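Q: What follows is upload-v7.cif, made up of mmCIF, N, CA and C atoms:
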data_work
loop_
_atom_site.group_PDB
_atom_site.id
_atom_site.type_symbol
_atom_site.label_atom_id
_atom_site.label_comp_id
_atom_site.auth_asym_id
_atom_site.auth_seq_id
_atom_site.Cartn_x
_atom_site.Cartn_y
_atom_site.Cartn_z
ATOM 1 N N MET A 1 19.924 135.543 153.599
ATOM 2 C CA MET A 1 19.557 134.318 152.915
ATOM 3 C C MET A 1 20.790 133.423 152.786
ATOM 4 N N THR A 2 20.606 132.146 153.041
ATOM 5 C CA THR A 2 21.689 131.182 152.918
ATOM 6 C C THR A 2 21.965 130.930 151.444
ATOM 7 N N LYS A 3 23.245 130.789 151.123
ATOM 8 C CA LYS A 3 23.663 130.551 149.747
ATOM 9 C C LYS A 3 24.441 129.243 149.669
ATOM 10 N N ALA A 4 24.351 128.600 148.525
ATOM 11 C CA ALA A 4 25.096 127.367 148.276
ATOM 12 C C ALA A 4 25.564 127.362 146.830
ATOM 13 N N VAL A 5 26.649 126.652 146.597
ATOM 14 C CA VAL A 5 27.126 126.431 145.236
ATOM 15 C C VAL A 5 26.963 124.943 144.972
ATOM 16 N N LEU A 6 26.307 124.623 143.865
ATOM 17 C CA LEU A 6 26.056 123.242 143.478
ATOM 18 C C LEU A 6 26.865 122.941 142.227
ATOM 19 N N PHE A 7 27.820 122.036 142.358
ATOM 20 C CA PHE A 7 28.621 121.593 141.226
ATOM 21 C C PHE A 7 27.988 120.305 140.715
ATOM 22 N N GLY A 8 27.615 120.281 139.443
ATOM 23 C CA GLY A 8 26.935 119.109 138.911
ATOM 24 C C GLY A 8 27.068 119.007 137.412
ATOM 25 N N THR A 9 26.256 118.122 136.857
ATOM 26 C CA THR A 9 26.204 117.941 135.405
ATOM 27 C C THR A 9 24.749 118.011 134.959
ATOM 28 N N SER A 10 24.559 118.177 133.685
ATOM 29 C CA SER A 10 23.200 118.326 133.163
ATOM 30 C C SER A 10 22.421 117.015 133.172
ATOM 31 N N THR A 11 23.104 115.881 133.246
ATOM 32 C CA THR A 11 22.426 114.584 133.190
ATOM 33 C C THR A 11 22.335 113.889 134.549
ATOM 34 N N CYS A 12 22.753 114.539 135.603
ATOM 35 C CA CYS A 12 22.801 113.923 136.934
ATOM 36 C C CYS A 12 21.466 114.091 137.664
ATOM 37 N N PRO A 13 20.732 112.991 137.887
ATOM 38 C CA PRO A 13 19.454 113.123 138.592
ATOM 39 C C PRO A 13 19.629 113.555 140.051
ATOM 40 N N TRP A 14 20.716 113.153 140.687
ATOM 41 C CA TRP A 14 20.942 113.556 142.081
ATOM 42 C C TRP A 14 21.268 115.036 142.186
ATOM 43 N N CYS A 15 21.868 115.593 141.133
ATOM 44 C CA CYS A 15 22.121 117.039 141.110
ATOM 45 C C CYS A 15 20.795 117.793 141.079
ATOM 46 N N SER A 16 19.876 117.329 140.252
ATOM 47 C CA SER A 16 18.546 117.954 140.176
ATOM 48 C C SER A 16 17.816 117.856 141.506
ATOM 49 N N ARG A 17 17.913 116.702 142.141
ATOM 50 C CA ARG A 17 17.256 116.516 143.443
ATOM 51 C C ARG A 17 17.869 117.424 144.496
ATOM 52 N N ALA A 18 19.195 117.541 144.478
ATOM 53 C CA ALA A 18 19.871 118.405 145.454
ATOM 54 C C ALA A 18 19.453 119.859 145.253
ATOM 55 N N LYS A 19 19.386 120.303 144.005
ATOM 56 C CA LYS A 19 18.978 121.680 143.724
ATOM 57 C C LYS A 19 17.548 121.919 144.202
ATOM 58 N N ARG A 20 16.655 120.992 143.883
ATOM 59 C CA ARG A 20 15.256 121.126 144.300
ATOM 60 C C ARG A 20 15.151 121.153 145.833
ATOM 61 N N TYR A 21 15.902 120.292 146.503
ATOM 62 C CA TYR A 21 15.893 120.234 147.965
ATOM 63 C C TYR A 21 16.358 121.566 148.564
ATOM 64 N N LEU A 22 17.470 122.093 148.034
ATOM 65 C CA LEU A 22 17.992 123.366 148.538
ATOM 66 C C LEU A 22 16.991 124.494 148.291
ATOM 67 N N ASN A 23 16.382 124.513 147.113
ATOM 68 C CA ASN A 23 15.377 125.540 146.812
ATOM 69 C C ASN A 23 14.198 125.455 147.778
ATOM 70 N N GLU A 24 13.754 124.232 148.081
ATOM 71 C CA GLU A 24 12.655 124.045 149.031
ATOM 72 C C GLU A 24 13.012 124.554 150.422
ATOM 73 N N LYS A 25 14.310 124.517 150.752
ATOM 74 C CA LYS A 25 14.790 125.010 152.049
ATOM 75 C C LYS A 25 15.020 126.522 152.043
ATOM 76 N N GLY A 26 14.744 127.174 150.901
ATOM 77 C CA GLY A 26 14.915 128.617 150.810
ATOM 78 C C GLY A 26 16.347 129.061 150.585
ATOM 79 N N VAL A 27 17.156 128.181 150.045
ATOM 80 C CA VAL A 27 18.570 128.472 149.806
ATOM 81 C C VAL A 27 18.741 129.008 148.391
ATOM 82 N N LEU A 28 19.525 130.063 148.249
ATOM 83 C CA LEU A 28 19.881 130.605 146.945
ATOM 84 C C LEU A 28 21.007 129.733 146.384
ATOM 85 N N VAL A 29 20.755 129.100 145.241
ATOM 86 C CA VAL A 29 21.701 128.133 144.679
ATOM 87 C C VAL A 29 22.354 128.692 143.425
ATOM 88 N N LYS A 30 23.682 128.667 143.421
ATOM 89 C CA LYS A 30 24.445 128.993 142.217
ATOM 90 C C LYS A 30 24.907 127.654 141.650
ATOM 91 N N GLU A 31 24.522 127.377 140.418
ATOM 92 C CA GLU A 31 24.891 126.114 139.781
ATOM 93 C C GLU A 31 26.132 126.285 138.909
ATOM 94 N N ILE A 32 27.025 125.316 138.998
ATOM 95 C CA ILE A 32 28.190 125.284 138.128
ATOM 96 C C ILE A 32 28.221 123.912 137.466
ATOM 97 N N ASN A 33 28.138 123.916 136.144
ATOM 98 C CA ASN A 33 28.149 122.679 135.377
ATOM 99 C C ASN A 33 29.601 122.290 135.115
ATOM 100 N N VAL A 34 30.064 121.232 135.769
ATOM 101 C CA VAL A 34 31.462 120.831 135.639
ATOM 102 C C VAL A 34 31.753 120.132 134.314
ATOM 103 N N GLU A 35 30.704 119.785 133.558
ATOM 104 C CA GLU A 35 30.910 119.251 132.206
ATOM 105 C C GLU A 35 31.477 120.338 131.295
ATOM 106 N N ARG A 36 31.020 121.549 131.516
ATOM 107 C CA ARG A 36 31.397 122.672 130.649
ATOM 108 C C ARG A 36 32.539 123.509 131.204
ATOM 109 N N ASP A 37 32.894 123.297 132.458
ATOM 110 C CA ASP A 37 33.915 124.123 133.097
ATOM 111 C C ASP A 37 34.988 123.220 133.711
ATOM 112 N N GLY A 38 35.949 122.853 132.885
ATOM 113 C CA GLY A 38 37.021 121.944 133.316
ATOM 114 C C GLY A 38 37.832 122.477 134.480
ATOM 115 N N ARG A 39 38.047 123.780 134.510
ATOM 116 C CA ARG A 39 38.822 124.365 135.617
ATOM 117 C C ARG A 39 38.093 124.146 136.935
ATOM 118 N N ARG A 40 36.790 124.382 136.934
ATOM 119 C CA ARG A 40 36.010 124.178 138.167
ATOM 120 C C ARG A 40 35.972 122.702 138.548
ATOM 121 N N ALA A 41 35.890 121.829 137.558
ATOM 122 C CA ALA A 41 35.894 120.386 137.833
ATOM 123 C C ALA A 41 37.196 119.997 138.536
ATOM 124 N N ARG A 42 38.306 120.514 138.066
ATOM 125 C CA ARG A 42 39.599 120.226 138.711
ATOM 126 C C ARG A 42 39.661 120.812 140.115
ATOM 127 N N ASP A 43 39.114 122.013 140.298
ATOM 128 C CA ASP A 43 39.081 122.632 141.629
ATOM 129 C C ASP A 43 38.301 121.773 142.616
ATOM 130 N N VAL A 44 37.138 121.273 142.187
ATOM 131 C CA VAL A 44 36.311 120.425 143.054
ATOM 132 C C VAL A 44 37.069 119.144 143.406
ATOM 133 N N MET A 45 37.730 118.564 142.417
ATOM 134 C CA MET A 45 38.505 117.353 142.672
ATOM 135 C C MET A 45 39.612 117.598 143.682
ATOM 136 N N ARG A 46 40.297 118.723 143.556
ATOM 137 C CA ARG A 46 41.371 119.047 144.507
ATOM 138 C C ARG A 46 40.818 119.252 145.919
ATOM 139 N N LYS A 47 39.687 119.915 146.026
ATOM 140 C CA LYS A 47 39.099 120.219 147.343
ATOM 141 C C LYS A 47 38.517 118.985 148.017
ATOM 142 N N THR A 48 37.892 118.102 147.238
ATOM 143 C CA THR A 48 37.155 116.981 147.831
ATOM 144 C C THR A 48 37.829 115.629 147.653
ATOM 145 N N GLY A 49 38.721 115.519 146.685
ATOM 146 C CA GLY A 49 39.325 114.233 146.379
ATOM 147 C C GLY A 49 38.367 113.307 145.632
ATOM 148 N N GLN A 50 37.239 113.841 145.179
ATOM 149 C CA GLN A 50 36.205 113.045 144.517
ATOM 150 C C GLN A 50 35.946 113.565 143.105
ATOM 151 N N MET A 51 35.480 112.655 142.252
ATOM 152 C CA MET A 51 35.112 113.049 140.897
ATOM 153 C C MET A 51 33.604 113.024 140.691
ATOM 154 N N GLY A 52 32.849 112.546 141.669
ATOM 155 C CA GLY A 52 31.406 112.427 141.526
ATOM 156 C C GLY A 52 30.680 113.730 141.779
ATOM 157 N N VAL A 53 29.443 113.786 141.313
ATOM 158 C CA VAL A 53 28.561 114.916 141.560
ATOM 159 C C VAL A 53 27.252 114.373 142.101
ATOM 160 N N PRO A 54 26.499 115.141 142.772
ATOM 161 C CA PRO A 54 26.682 116.558 143.050
ATOM 162 C C PRO A 54 27.685 116.794 144.174
ATOM 163 N N VAL A 55 28.251 117.979 144.142
ATOM 164 C CA VAL A 55 29.038 118.499 145.249
ATOM 165 C C VAL A 55 28.402 119.828 145.623
ATOM 166 N N VAL A 56 28.102 119.976 146.899
ATOM 167 C CA VAL A 56 27.454 121.193 147.388
ATOM 168 C C VAL A 56 28.411 121.883 148.337
ATOM 169 N N LYS A 57 28.640 123.173 148.115
ATOM 170 C CA LYS A 57 29.476 123.974 149.009
ATOM 171 C C LYS A 57 28.565 124.962 149.725
ATOM 172 N N ILE A 58 28.525 124.828 151.048
ATOM 173 C CA ILE A 58 27.753 125.735 151.891
ATOM 174 C C ILE A 58 28.732 126.318 152.896
ATOM 175 N N GLY A 59 28.993 127.616 152.770
ATOM 176 C CA GLY A 59 30.017 128.218 153.618
ATOM 177 C C GLY A 59 31.339 127.517 153.351
ATOM 178 N N PRO A 60 32.039 127.124 154.412
ATOM 179 C CA PRO A 60 33.327 126.459 154.210
ATOM 180 C C PRO A 60 33.201 124.946 153.974
ATOM 181 N N GLU A 61 31.988 124.413 154.077
ATOM 182 C CA GLU A 61 31.812 122.957 154.011
ATOM 183 C C GLU A 61 31.536 122.470 152.595
ATOM 184 N N TRP A 62 32.264 121.414 152.208
ATOM 185 C CA TRP A 62 32.087 120.751 150.922
ATOM 186 C C TRP A 62 31.389 119.422 151.184
ATOM 187 N N ILE A 63 30.256 119.204 150.544
ATOM 188 C CA ILE A 63 29.467 117.994 150.758
ATOM 189 C C ILE A 63 29.380 117.247 149.429
ATOM 190 N N VAL A 64 29.919 116.035 149.419
ATOM 191 C CA VAL A 64 29.905 115.216 148.210
ATOM 192 C C VAL A 64 28.670 114.330 148.249
ATOM 193 N N GLY A 65 27.847 114.417 147.207
ATOM 194 C CA GLY A 65 26.637 113.624 147.129
ATOM 195 C C GLY A 65 25.455 114.354 147.736
ATOM 196 N N PHE A 66 24.287 113.800 147.516
ATOM 197 C CA PHE A 66 23.070 114.353 148.106
ATOM 198 C C PHE A 66 22.942 113.710 149.469
ATOM 199 N N ASP A 67 23.453 114.396 150.469
ATOM 200 C CA ASP A 67 23.670 113.845 151.798
ATOM 201 C C ASP A 67 22.975 114.725 152.832
ATOM 202 N N ARG A 68 22.499 114.130 153.887
ATOM 203 C CA ARG A 68 21.815 114.895 154.941
ATOM 204 C C ARG A 68 22.765 115.842 155.686
ATOM 205 N N ARG A 69 24.051 115.752 155.412
ATOM 206 C CA ARG A 69 24.970 116.743 155.979
ATOM 207 C C ARG A 69 24.621 118.136 155.483
ATOM 208 N N ILE A 70 23.875 118.201 154.396
ATOM 209 C CA ILE A 70 23.397 119.484 153.883
ATOM 210 C C ILE A 70 22.591 120.196 154.968
ATOM 211 N N ASP A 71 21.728 119.448 155.655
ATOM 212 C CA ASP A 71 20.911 120.044 156.720
ATOM 213 C C ASP A 71 21.773 120.612 157.842
ATOM 214 N N ARG A 72 22.804 119.882 158.227
ATOM 215 C CA ARG A 72 23.697 120.373 159.298
ATOM 216 C C ARG A 72 24.442 121.630 158.864
ATOM 217 N N ALA A 73 24.892 121.652 157.620
ATOM 218 C CA ALA A 73 25.612 122.820 157.115
ATOM 219 C C ALA A 73 24.693 124.025 157.039
ATOM 220 N N LEU A 74 23.452 123.815 156.623
ATOM 221 C CA LEU A 74 22.486 124.912 156.569
ATOM 222 C C LEU A 74 22.198 125.430 157.964
ATOM 223 N N ALA A 75 22.016 124.546 158.918
ATOM 224 C CA ALA A 75 21.738 124.948 160.296
ATOM 225 C C ALA A 75 22.896 125.760 160.866
ATOM 226 N N ALA A 76 24.115 125.359 160.549
ATOM 227 C CA ALA A 76 25.288 126.073 161.041
ATOM 228 C C ALA A 76 25.356 127.489 160.463
ATOM 229 N N ARG A 77 24.959 127.647 159.205
ATOM 230 C CA ARG A 77 24.997 128.955 158.551
ATOM 231 C C ARG A 77 23.909 129.875 159.071
ATOM 232 N N ARG A 78 22.802 129.308 159.547
ATOM 233 C CA ARG A 78 21.681 130.113 160.009
ATOM 234 C C ARG A 78 21.803 130.492 161.465
ATOM 235 N N SER A 79 22.696 129.847 162.184
ATOM 236 C CA SER A 79 22.809 130.160 163.619
ATOM 237 C C SER A 79 23.828 131.250 163.879
#
Write out the structure in this file as C-alpha cells.
A:
Amino acid sequence: MTKAVLFGTSTCPWCSRAKRYLNEKGVLVKEINVERDGRRARDVMRKTGQMGVPVVKIGPEWIVGFDRRIDRALAARRS
C-alpha cells in the first residue's frame, strides 16, 4: 500500500481536500498538524522553502499545495 505524510493545519480546507483525495486513491495517510508541532513545521520549511500547507510527502518527493504532482508521485511509487 502506498503511504503519504500530509503536513497541514486543522483550519486548512485544501489540507482536508488533499487528505480526502489521497484516501480515495487508496493511500494510507499519516497526518501531522504543524500548528501543534513546531519542530515539524520547521522541518517542512527547511525541506521545501515554503510556509504554506498542505505539504504532501510521498516517498522522497515533497509536494507543496494540492497539486496534480501527487498523481505522478503515486504512480512512481506503484511502479
Q: A:Gly65, A:Pro54, A:Pro60, A:Gly8: which is nearest A:Glu31, counting all atoms listed in the file?
A: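 Of A:Gly65, A:Pro54, A:Pro60, A:Gly8, the one nearest A:Glu31, counting all atoms listed in the file, is A:Gly8.
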Q: Evaluate the PyMOL selection byres (((chain A and resi 16 and name CA) around 12) and name CA) on the structure here and hand back the selected residues as a PyMOL selection string.
A: chain A and resi 6-15+17-23+29+31+33+53-56+65-66
Q: Please indicate the distance in Å from atom N of A:Arg46 to atom CA of A:Ile32, rounded to one decimal place.
A: 14.8 Å
Q: Could you spell out the hits of the PyMOL selection byres ((chain A and resi 4) around 5) on the shown file, as number ranges by chain?
A: A: 2-3, 5-6, 28-30, 57-58
Q: Quote the spacing between atom C of A:Arg72 and atom CA of A:Asp43 in Å to one decimal place.
A: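 Pair atom C of A:Arg72 / atom CA of A:Asp43 returns 22.6 Å.
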